[in-house]
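Engineer: Just one file: coords.pdb, with PDB, C-alpha atoms.
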```pdb
ATOM      1  CA  MET D   5       6.692 -16.761  19.107
ATOM      2  CA  GLY D   6       4.767 -13.491  19.130
ATOM      3  CA  LYS D   7       5.762  -9.843  19.084
ATOM      4  CA  TYR D   8       9.005 -10.086  21.062
ATOM      5  CA  ILE D   9      12.299 -10.284  19.197
ATOM      6  CA  LEU D  10      14.340 -11.163  22.271
ATOM      7  CA  THR D  11      13.630 -12.675  25.677
ATOM      8  CA  ILE D  12      16.144 -11.754  28.376
ATOM      9  CA  VAL D  13      15.961 -13.872  31.514
ATOM     10  CA  ILE D  14      17.468 -12.137  34.537
ATOM     11  CA  THR D  15      18.424 -14.550  37.290
ATOM     12  CA  ALA D  16      18.242 -12.904  40.705
ATOM     13  CA  TYR D  17      19.344 -14.228  44.070
ATOM     14  CA  ASN D  18      19.812 -11.617  46.821
ATOM     15  CA  SER D  19      20.231  -9.017  44.073
ATOM     16  CA  ALA D  20      18.341  -6.155  45.740
ATOM     17  CA  LYS D  21      21.296  -3.784  45.362
ATOM     18  CA  THR D  22      22.025  -4.550  41.702
ATOM     19  CA  ILE D  23      18.807  -5.686  40.000
ATOM     20  CA  LYS D  24      17.548  -2.178  39.167
ATOM     21  CA  ALA D  25      20.754  -1.365  37.277
ATOM     22  CA  ALA D  26      20.439  -4.659  35.389
ATOM     23  CA  VAL D  27      16.854  -3.941  34.354
ATOM     24  CA  ASP D  28      17.534  -0.262  33.581
ATOM     25  CA  SER D  29      20.318  -1.282  31.183
ATOM     26  CA  ILE D  30      17.602  -2.989  29.107
ATOM     27  CA  LYS D  31      14.715  -0.662  29.822
ATOM     28  CA  HIS D  32      16.488   2.494  28.646
ATOM     29  CA  THR D  33      16.833   1.341  25.033
ATOM     30  CA  GLU D  34      15.044   2.383  21.870
ATOM     31  CA  CYS D  35      13.914  -1.202  21.240
ATOM     32  CA  PHE D  36      12.672  -2.019  24.746
ATOM     33  CA  GLY D  37       9.135  -2.726  23.474
ATOM     34  CA  LYS D  38      10.516  -5.597  21.395
ATOM     35  CA  ILE D  39      12.147  -7.240  24.418
ATOM     36  CA  GLU D  40      10.500  -9.587  26.892
ATOM     37  CA  VAL D  41      12.201  -9.402  30.289
ATOM     38  CA  ILE D  42      11.672 -12.309  32.668
ATOM     39  CA  ILE D  43      13.061 -11.730  36.156
ATOM     40  CA  VAL D  44      13.373 -14.928  38.175
ATOM     41  CA  ASN D  45      13.656 -14.242  41.895
ATOM     42  CA  ASP D  46      15.250 -17.494  42.990
ATOM     43  CA  GLY D  47      14.348 -17.697  46.677
ATOM     44  CA  SER D  48      16.132 -14.498  47.696
ATOM     45  CA  THR D  49      16.391 -13.880  51.436
ATOM     46  CA  ASP D  50      16.952 -10.119  51.159
ATOM     47  CA  ASN D  51      14.336  -7.638  49.886
ATOM     48  CA  SER D  52      14.867  -8.556  46.225
ATOM     49  CA  GLN D  53      11.217  -9.509  45.755
ATOM     50  CA  ALA D  54       9.955  -6.090  46.839
ATOM     51  CA  VAL D  55      12.530  -4.298  44.668
ATOM     52  CA  ILE D  56      11.715  -6.460  41.641
ATOM     53  CA  GLU D  57       7.963  -6.053  41.977
ATOM     54  CA  LYS D  58       8.368  -2.287  42.204
ATOM     55  CA  ILE D  59      10.508  -2.298  39.046
ATOM     56  CA  ALA D  60       7.993  -4.428  37.144
ATOM     57  CA  LYS D  61       4.816  -2.659  38.264
ATOM     58  CA  GLY D  62       2.864  -1.381  35.270
ATOM     59  CA  VAL D  63       5.441  -2.604  32.714
ATOM     60  CA  THR D  64       3.685  -5.118  30.484
ATOM     61  CA  ASN D  65       6.805  -6.715  29.002
ATOM     62  CA  ILE D  66       8.444  -7.455  32.361
ATOM     63  CA  VAL D  67       7.402 -10.792  33.856
ATOM     64  CA  VAL D  68       8.307 -11.709  37.439
ATOM     65  CA  ILE D  69       8.674 -15.276  38.674
ATOM     66  CA  ASN D  70       9.093 -15.800  42.427
ATOM     67  CA  GLN D  71      10.195 -19.332  43.288
ATOM     68  CA  ASP D  72      11.859 -21.358  46.016
ATOM     69  CA  ASN D  73      15.614 -21.502  45.620
ATOM     70  CA  ARG D  74      16.568 -23.819  42.768
ATOM     71  CA  GLY D  75      19.946 -22.355  41.907
ATOM     72  CA  HIS D  76      21.027 -20.569  38.722
ATOM     73  CA  GLY D  77      20.075 -23.558  36.578
ATOM     74  CA  GLY D  78      16.610 -23.659  38.099
ATOM     75  CA  ALA D  79      16.149 -19.950  37.450
ATOM     76  CA  VAL D  80      17.206 -20.350  33.810
ATOM     77  CA  ASN D  81      14.920 -23.371  33.404
ATOM     78  CA  SER D  82      11.971 -21.331  34.691
ATOM     79  CA  GLY D  83      12.821 -18.520  32.300
ATOM     80  CA  ILE D  84      13.078 -20.905  29.360
ATOM     81  CA  SER D  85       9.635 -22.339  30.109
ATOM     82  CA  ARG D  86       8.072 -18.846  29.957
ATOM     83  CA  ALA D  87      10.048 -17.396  27.037
ATOM     84  CA  HIS D  88       8.120 -16.081  24.013
ATOM     85  CA  GLY D  89      10.787 -14.139  22.121
ATOM     86  CA  LYS D  90      12.295 -15.160  18.808
ATOM     87  CA  TYR D  91      15.707 -15.237  20.513
ATOM     88  CA  PHE D  92      16.886 -15.803  24.079
ATOM     89  CA  ARG D  93      19.604 -14.476  26.387
ATOM     90  CA  VAL D  94      20.526 -14.884  30.058
ATOM     91  CA  LEU D  95      21.610 -11.989  32.280
ATOM     92  CA  ASP D  96      22.774 -12.388  35.871
ATOM     93  CA  GLY D  97      21.161  -9.970  38.308
ATOM     94  CA  ASP D  98      24.511  -8.387  39.211
ATOM     95  CA  ASP D  99      25.535  -7.774  35.578
ATOM     96  CA  ALA D 100      24.100  -5.496  32.864
ATOM     97  CA  MET D 101      23.684  -4.918  29.131
ATOM     98  CA  ASN D 102      25.176  -2.180  26.986
ATOM     99  CA  GLY D 103      22.007  -0.393  25.882
ATOM    100  CA  LYS D 104      23.352   1.128  22.666
ATOM    101  CA  ASN D 105      24.714  -2.189  21.446
ATOM    102  CA  LEU D 106      21.606  -4.049  22.609
ATOM    103  CA  ASP D 107      19.608  -1.842  20.221
ATOM    104  CA  LEU D 108      21.982  -2.879  17.433
ATOM    105  CA  LEU D 109      21.474  -6.524  18.348
ATOM    106  CA  ILE D 110      17.670  -6.235  18.293
ATOM    107  CA  LYS D 111      17.752  -4.657  14.830
ATOM    108  CA  GLU D 112      20.032  -7.480  13.670
ATOM    109  CA  LEU D 113      17.803 -10.176  15.178
ATOM    110  CA  GLU D 114      14.712  -8.906  13.358
ATOM    111  CA  ASN D 115      16.160 -10.202  10.081
ATOM    112  CA  GLU D 116      18.256 -13.009  11.538
ATOM    113  CA  ASN D 117      17.669 -16.746  11.272
ATOM    114  CA  SER D 118      20.859 -18.310  12.653
ATOM    115  CA  ASP D 119      20.596 -20.613  15.645
ATOM    116  CA  ILE D 120      23.244 -18.668  17.564
ATOM    117  CA  ILE D 121      24.471 -15.094  17.310
ATOM    118  CA  PHE D 122      27.886 -14.488  18.818
ATOM    119  CA  SER D 123      28.890 -11.086  20.139
ATOM    120  CA  ASN D 124      31.626  -9.688  22.352
ATOM    121  CA  TYR D 125      31.223  -8.530  25.962
ATOM    122  CA  PHE D 126      32.612  -5.972  28.384
ATOM    123  CA  GLU D 127      34.455  -7.149  31.490
ATOM    124  CA  LYS D 128      34.156  -4.572  34.230
ATOM    125  CA  ASN D 129      36.342  -4.430  37.321
ATOM    126  CA  LYS D 130      38.376  -1.347  38.248
ATOM    127  CA  GLN D 131      38.556  -0.750  34.514
ATOM    128  CA  THR D 132      36.349  -1.879  31.632
ATOM    129  CA  LYS D 133      37.804  -3.944  28.815
ATOM    130  CA  THR D 134      36.331  -5.663  25.783
ATOM    131  CA  VAL D 135      36.545  -9.450  25.699
ATOM    132  CA  SER D 136      36.311 -10.681  22.121
ATOM    133  CA  TRP D 137      34.742 -14.005  21.251
ATOM    134  CA  SER D 138      36.962 -14.275  18.187
ATOM    135  CA  ASP D 139      39.393 -12.309  16.051
ATOM    136  CA  LYS D 140      37.336 -13.275  13.005
ATOM    137  CA  ALA D 141      35.568 -10.708  10.864
ATOM    138  CA  GLU D 142      31.800 -10.502  11.295
ATOM    139  CA  PHE D 143      29.864 -13.213   9.472
ATOM    140  CA  LYS D 144      26.232 -14.133   8.895
ATOM    141  CA  ASN D 145      24.397 -17.457   8.854
ATOM    142  CA  ILE D 146      27.236 -19.913   8.307
ATOM    143  CA  ALA D 147      27.585 -23.542   9.412
ATOM    144  CA  ILE D 148      28.319 -23.874  13.128
ATOM    145  CA  ASP D 149      31.507 -25.887  12.513
ATOM    146  CA  ASP D 150      32.871 -23.143  10.263
ATOM    147  CA  ALA D 151      31.929 -20.553  12.873
ATOM    148  CA  LEU D 152      33.592 -22.401  15.762
ATOM    149  CA  ASN D 153      36.732 -23.518  13.944
ATOM    150  CA  GLY D 154      39.741 -21.826  15.532
ATOM    151  CA  THR D 155      37.791 -20.495  18.554
ATOM    152  CA  GLU D 156      37.416 -21.503  22.207
ATOM    153  CA  GLY D 157      33.803 -22.445  21.515
ATOM    154  CA  ILE D 158      30.491 -21.364  23.006
ATOM    155  CA  MET D 159      30.308 -19.473  26.312
ATOM    156  CA  LEU D 160      27.164 -18.009  27.805
ATOM    157  CA  PRO D 161      28.088 -14.267  27.910
ATOM    158  CA  PHE D 162      28.908 -14.346  24.184
ATOM    159  CA  ILE D 163      25.699 -15.850  22.854
ATOM    160  CA  THR D 164      22.129 -15.078  21.877
ATOM    161  CA  VAL D 165      20.257 -18.275  21.020
ATOM    162  CA  LYS D 166      17.115 -19.050  19.038
ATOM    163  CA  THR D 167      14.344 -19.748  21.559
ATOM    164  CA  ASP D 168      13.126 -22.841  19.685
ATOM    165  CA  LEU D 169      16.573 -24.340  20.263
ATOM    166  CA  ILE D 170      16.876 -23.294  23.895
ATOM    167  CA  LYS D 171      13.573 -24.967  24.757
ATOM    168  CA  LYS D 172      15.305 -28.326  24.176
ATOM    169  CA  ILE D 173      17.585 -27.614  27.133
ATOM    170  CA  LYS D 174      17.133 -28.409  30.813
ATOM    171  CA  LEU D 175      19.952 -27.528  33.203
ATOM    172  CA  THR D 176      20.944 -29.256  36.416
ATOM    173  CA  GLU D 177      19.450 -27.363  39.344
ATOM    174  CA  LYS D 178      20.808 -26.391  42.765
ATOM    175  CA  VAL D 179      24.448 -26.470  41.624
ATOM    176  CA  TYR D 180      27.030 -23.902  40.633
ATOM    177  CA  TYR D 181      28.710 -24.053  37.190
ATOM    178  CA  ASP D 182      25.542 -25.061  35.296
ATOM    179  CA  ASP D 183      26.558 -22.559  32.600
ATOM    180  CA  GLN D 184      28.932 -25.253  31.344
ATOM    181  CA  GLU D 185      25.920 -27.427  30.557
ATOM    182  CA  TYR D 186      24.247 -24.494  28.800
ATOM    183  CA  ASP D 187      27.340 -24.136  26.620
ATOM    184  CA  PHE D 188      27.403 -27.856  25.820
ATOM    185  CA  TRP D 189      23.756 -28.134  24.774
ATOM    186  CA  CYS D 190      24.014 -25.051  22.566
ATOM    187  CA  THR D 191      27.143 -26.535  20.975
ATOM    188  CA  LEU D 192      25.277 -29.768  20.307
ATOM    189  CA  TYR D 193      22.005 -28.377  18.963
ATOM    190  CA  ALA D 194      23.102 -25.330  16.935
ATOM    191  CA  ALA D 195      23.502 -25.779  13.178
ATOM    192  CA  THR D 196      24.158 -22.198  12.038
ATOM    193  CA  ALA D 197      25.699 -19.056  13.486
ATOM    194  CA  SER D 198      26.268 -15.338  12.910
ATOM    195  CA  TYR D 199      28.719 -12.964  14.571
ATOM    196  CA  ILE D 200      28.502  -9.271  15.365
ATOM    197  CA  SER D 201      31.474  -7.643  17.058
ATOM    198  CA  ALA D 202      29.549  -5.161  19.243
ATOM    199  CA  PRO D 203      29.920  -5.968  22.992
ATOM    200  CA  ILE D 204      26.450  -6.620  24.422
ATOM    201  CA  TYR D 205      26.925  -8.070  27.913
ATOM    202  CA  ILE D 206      28.632  -6.222  30.794
ATOM    203  CA  TYR D 207      30.208  -8.788  33.114
ATOM    204  CA  ASN D 208      31.079  -7.420  36.546
ATOM    205  CA  VAL D 209      34.066  -9.263  38.013
ATOM    206  CA  GLY D 210      36.222  -9.081  41.107
ATOM    207  CA  SER D 211      33.857 -10.278  43.832
ATOM    208  CA  SER D 212      35.287 -12.964  46.150
ATOM    209  CA  ASP D 213      31.969 -14.847  46.135
ATOM    210  CA  GLN D 214      31.914 -15.302  42.348
ATOM    211  CA  SER D 215      31.815 -18.932  41.277
ATOM    212  CA  ILE D 216      35.231 -18.729  39.582
ATOM    213  CA  SER D 217      37.124 -17.444  42.649
ATOM    214  CA  HIS D 218      39.449 -19.877  44.446
ATOM    215  CA  ALA D 219      37.422 -19.602  47.665
ATOM    216  CA  SER D 220      34.157 -20.331  45.872
ATOM    217  CA  MET D 221      35.702 -23.218  43.930
ATOM    218  CA  ALA D 222      36.820 -24.846  47.175
ATOM    219  CA  LYS D 223      33.425 -24.263  48.807
ATOM    220  CA  HIS D 224      31.484 -25.681  45.855
ATOM    221  CA  ILE D 225      33.888 -28.441  44.820
ATOM    222  CA  LYS D 226      31.135 -31.087  44.823
ATOM    223  CA  ASP D 227      29.026 -28.965  42.455
ATOM    224  CA  HIS D 228      32.005 -28.642  40.123
ATOM    225  CA  GLU D 229      32.590 -32.400  40.287
ATOM    226  CA  LYS D 230      28.944 -33.062  39.406
ATOM    227  CA  ILE D 231      29.089 -30.760  36.378
ATOM    228  CA  CYS D 232      32.365 -32.355  35.212
ATOM    229  CA  LEU D 233      30.859 -35.820  35.405
ATOM    230  CA  ASN D 234      27.613 -34.671  33.752
ATOM    231  CA  LEU D 235      29.578 -33.231  30.830
ATOM    232  CA  LEU D 236      31.616 -36.409  30.498
ATOM    233  CA  GLY D 237      28.387 -38.408  30.326
ATOM    234  CA  PHE D 238      26.779 -36.002  27.855
ATOM    235  CA  TYR D 239      29.883 -36.084  25.673
ATOM    236  CA  GLU D 240      30.129 -39.883  25.622
ATOM    237  CA  LYS D 241      26.456 -40.114  24.667
ATOM    238  CA  HIS D 242      26.407 -37.405  21.990
ATOM    239  CA  LYS D 243      29.945 -37.186  20.579
ATOM    240  CA  GLY D 244      28.861 -38.888  17.370
ATOM    241  CA  GLN D 245      26.541 -35.938  16.686
ATOM    242  CA  LEU D 246      29.190 -33.285  17.263
ATOM    243  CA  GLY D 247      31.616 -33.917  14.410
ATOM    244  CA  ASN D 248      35.360 -33.357  14.517
ATOM    245  CA  ILE D 249      35.567 -29.603  15.177
ATOM    246  CA  ARG D 250      32.970 -29.422  17.927
ATOM    247  CA  SER D 251      34.242 -32.649  19.517
ATOM    248  CA  LYS D 252      37.724 -31.173  19.865
ATOM    249  CA  ILE D 253      36.332 -27.983  21.404
ATOM    250  CA  VAL D 254      34.193 -29.905  23.901
ATOM    251  CA  GLU D 255      37.061 -32.268  24.738
ATOM    252  CA  LYS D 256      39.356 -29.319  25.439
ATOM    253  CA  ARG D 257      36.734 -27.717  27.694
ATOM    254  CA  ILE D 258      36.209 -30.942  29.655
ATOM    255  CA  VAL D 259      39.956 -31.491  30.015
ATOM    256  CA  GLY D 260      40.303 -28.006  31.486
ATOM    257  CA  LEU D 261      37.441 -28.579  33.926
ATOM    258  CA  CYS D 262      38.806 -31.947  35.042
ATOM    259  CA  TYR D 263      42.232 -30.469  35.682
ATOM    260  CA  LEU D 264      40.619 -27.641  37.626
ATOM    261  CA  GLN D 265      38.730 -30.181  39.752
ATOM    262  CA  TYR D 266      41.978 -31.939  40.663
ATOM    263  CA  ARG D 267      43.761 -28.648  41.304
ATOM    264  CA  THR D 268      41.000 -27.410  43.578
ATOM    265  CA  ALA D 269      40.994 -30.633  45.607
ATOM    266  CA  ILE D 270      44.792 -30.646  45.979
ATOM    267  CA  TRP D 271      45.834 -27.015  46.307
ATOM    268  CA  ASN D 272      42.747 -24.981  47.261
ATOM    269  CA  LYS D 273      40.728 -27.251  49.502
ATOM    270  CA  LYS D 274      43.558 -29.681  50.313
ATOM    271  CA  SER D 275      41.091 -32.526  50.507
ATOM    272  CA  ARG D 276      42.250 -36.092  50.047
ATOM    273  CA  GLN D 277      38.641 -37.271  50.126
ATOM    274  CA  ASP D 278      37.562 -34.978  47.268
ATOM    275  CA  PHE D 279      40.647 -35.921  45.244
ATOM    276  CA  CYS D 280      40.034 -39.664  45.593
ATOM    277  CA  ALA D 281      36.298 -39.396  44.898
ATOM    278  CA  PHE D 282      36.823 -37.564  41.624
ATOM    279  CA  ASP D 283      39.774 -39.748  40.639
ATOM    280  CA  SER D 284      37.667 -42.862  41.102
ATOM    281  CA  ALA D 285      34.768 -41.429  39.074
ATOM    282  CA  LEU D 286      37.019 -40.272  36.234
ATOM    283  CA  LYS D 287      38.366 -43.799  35.727
ATOM    284  CA  LYS D 288      35.086 -44.577  33.951
ATOM    285  CA  TYR D 289      36.325 -42.350  31.106
ATOM    286  CA  PRO D 290      39.778 -43.808  30.238
ATOM    287  CA  SER D 291      40.660 -41.372  27.442
ATOM    288  CA  PHE D 292      40.237 -38.464  29.847
ATOM    289  CA  TYR D 293      41.729 -40.273  32.839
ATOM    290  CA  LYS D 294      44.941 -40.883  30.903
ATOM    291  CA  ASN D 295      45.014 -37.469  29.206
ATOM    292  CA  LYS D 296      48.392 -35.857  29.912
ATOM    293  CA  ASN D 297      46.832 -32.391  30.130
ATOM    294  CA  ILE D 298      44.793 -33.639  33.079
ATOM    295  CA  ALA D 299      47.174 -36.093  34.689
ATOM    296  CA  GLY D 300      50.546 -34.390  34.987
ATOM    297  CA  ARG D 301      53.387 -35.663  37.175
ATOM    298  CA  ARG D 302      52.006 -34.275  40.443
ATOM    299  CA  ILE D 303      48.547 -35.701  39.940
ATOM    300  CA  ILE D 304      50.010 -39.097  39.030
ATOM    301  CA  ILE D 305      52.008 -39.049  42.294
ATOM    302  CA  HIS D 306      48.836 -38.282  44.226
ATOM    303  CA  ARG D 307      47.103 -41.129  42.423
ATOM    304  CA  LEU D 308      49.893 -43.571  43.329
ATOM    305  CA  THR D 309      49.781 -42.489  46.976
ATOM    306  CA  LYS D 310      45.952 -42.399  47.055
ATOM    307  CA  GLY D 311      46.109 -38.748  48.023
ATOM    308  CA  ALA D 312      48.157 -39.382  51.187
ATOM    309  CA  LEU D 313      50.453 -36.406  50.425
ATOM    310  CA  ILE D 314      47.580 -33.918  50.178
ATOM    311  CA  LYS D 315      47.663 -31.718  53.259
TER     312      LYS D 315
END
```
Just give me the structure of the file as structure tokens.

Structural biologist:
Amino acid sequence: MGKYILTIVITAYNSAKTIKAAVDSIKHTECFGKIEVIIVNDGSTDNSQAVIEKIAKGVTNIVVINQDNRGHGGAVNSGISRAHGKYFRVLDGDDAMNGKNLDLLIKELENENSDIIFSNYFEKNKQTKTVSWSDKAEFKNIAIDDALNGTEGIMLPFITVKTDLIKKIKLTEKVYYDDQEYDFWCTLYAATASYISAPIYIYNVGSSDQSISHASMAKHIKDHEKICLNLLGFYEKHKGQLGNIRSKIVEKRIVGLCYLQYRTAIWNKKSRQDFCAFDSALKKYPSFYKNKNIAGRRIIIHRLTKGALIK
């Protein structure tokens, strides 16, 4: 893989106001020379390209990719294809890293061989709080099932992944919510894991245009439907490889996403058409279609009335 311990791919779309802070959070570390930074300017329509090129000028371990808009998944895919570090992380252009703890991570990764390293992250709104991946004590290089047992599973802000593993992954492009696919493929392919409790990622929340906001969910309901159905297909194809613990974690995640799809169609977007389209597609997966955590009383009523009461 070369001299870099970690590749950090920064996905940037109209990030002119935030990208410098994202890069500086990495650049101002003791171990910066051991980090490869790949900034993917994903068809920005503001002056992101000029800002990014100014940031990268003369810095040999910052690579810039300018591409037509392919969405977050397309930006990550481009970063994966160019990654040379031993390990790999994704950073959104409006988020940041904790420099002090990133130095700790780099030192850990130099002698690490696990497929995935879990860490905590900071959630920053009006106040900053630590979001913990697990209440477990730190551990090193254990089986992935033992690592995941009793947790909510793999989520992108928590993980640093071996680059050899990540190069097996290709995300759906030009959709929101592709991070759910990232989580699934890492869950499938990882065999071993370590955990350090230091928060690495700084996740800025509170913006109305974030993908998890109600307004954004309603706007991008078809993207969410596509990801739900992709995950259902992936799970049906690969569940035999997951084993009992990982299967339960993935099932729980998919159940939550399916319920959210119904809820968004009924209560946020109030769209009979979107409700019926997803309901019809989900019938192909009977165990999920009949799952009581997806299909509660209200959803069953809407099914019986073919969405006629949605308004």

Engineer: When distances are computed from only C-alpha atoms, which of D:Tyr180, D:Tyr289, D:Tyr17, D:Tyr125 shows the smallest separation from Leu160 (chain D)?

Structural biologist: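 Between D:Tyr180, D:Tyr289, D:Tyr17, D:Tyr125, the residue approaching Leu160 (chain D) most closely is D:Tyr125.
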
Engineer: Here is a test: counting all atoms listed in the file, which residue of D:Gln277, D:Ser284, D:Asn129, D:Thr176 is nearest to Asn208 (chain D)?

Structural biologist: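 Ranked by minimum distance to Asn208 (chain D), first place goes to D:Asn129.
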
Engineer: Which residue out of D:Leu313, D:Ala60, D:Ile163, D:Leu175 has the minimum interatomic distance to Leu109 (chain D) when all atoms listed in the file are used?

Structural biologist: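 Between D:Leu313, D:Ala60, D:Ile163, D:Leu175, the residue approaching Leu109 (chain D) most closely is D:Ile163.
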
Engineer: Rank nothing, just name the residue among D:Tyr181, D:Phe92, D:Phe162, D:Phe126 nearest to Gly75 (chain D), using all atoms listed in the file.

Structural biologist: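 Smallest distance to Gly75 (chain D) is found for D:Tyr181.
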
Engineer: Taking (33.9, -22.1, 21.6) in the file's coordinates, which residues come within 9 Å, counting all atoms listed in the file, written as number ranges by chain?

Structural biologist: D: 137, 152-159, 187, 191, 250, 253-254, 257

Engineer: Tell me which protein, DNA and RNA residues are within 12 Å of Ala312 (chain D), counting all atoms listed in the file, leaving out same-chain ones fewer than 3 positions away, and put them as JSON, numbers by chain.

Structural biologist: {"D": [270, 274, 275, 276, 277, 279, 280, 303, 305, 306, 307, 308, 309, 315]}

Engineer: Quick one: everything within 9 Å of Ile56 (chain D), counting all atoms listed in the file, minus sequence neighbours fewer than 5 positions away in the same chain. Send it as a count of residues only.

Structural biologist: 8

Engineer: Would you work out the distance separating CA of Phe36 (chain D) from CA of Ala194 (chain D), expressed in Å to one decimal?

Structural biologist: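 CA of Ala194 (chain D) lies 26.7 Å from CA of Phe36 (chain D).
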
Engineer: Could you list as a ChimeraX atom specification every residue that has an atom within 12 Å of (7.4, -22.3, 43.5), using the file's coordinates and counting only C-alpha atoms?

Structural biologist: /D:44-47,69-74,78-79,82

Engineer: Between D:Pro161, D:Lys38, D:Asp149, D:Val135, which residue has the minimum interatomic distance to Leu95 (chain D), considering all atoms listed in the file?

Structural biologist: D:Pro161

Engineer: Please, what distance in Å, to one decimal, runs between CA of Asn18 (chain D) and CA of His224 (chain D)?

Structural biologist: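 These two atoms are separated by 18.3 Å.
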
Engineer: List the residues matched by the PyMOL selection byres ((chain D and resi 143) around 9) in the displayed structure as a PyMOL selection string, ordered by chain and then by residue number.

Structural biologist: chain D and resi 140-142+144-146+151+197-200

Engineer: Rounded to one decimal in Å, what is the spacing between CA of Glu40 (chain D) and CA of Leu10 (chain D)?

Structural biologist: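 Here the two named atoms are 6.2 Å from each other.
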
Engineer: Taking the file as shown, find all residues satisfying the PyMOL selection byres ((chain D and resi 28) around 12) and write them as a VMD selection string.

Structural biologist: chain D and resid 14 22 to 27 29 to 33 36 41 56 59 to 60 66 97 99 to 103
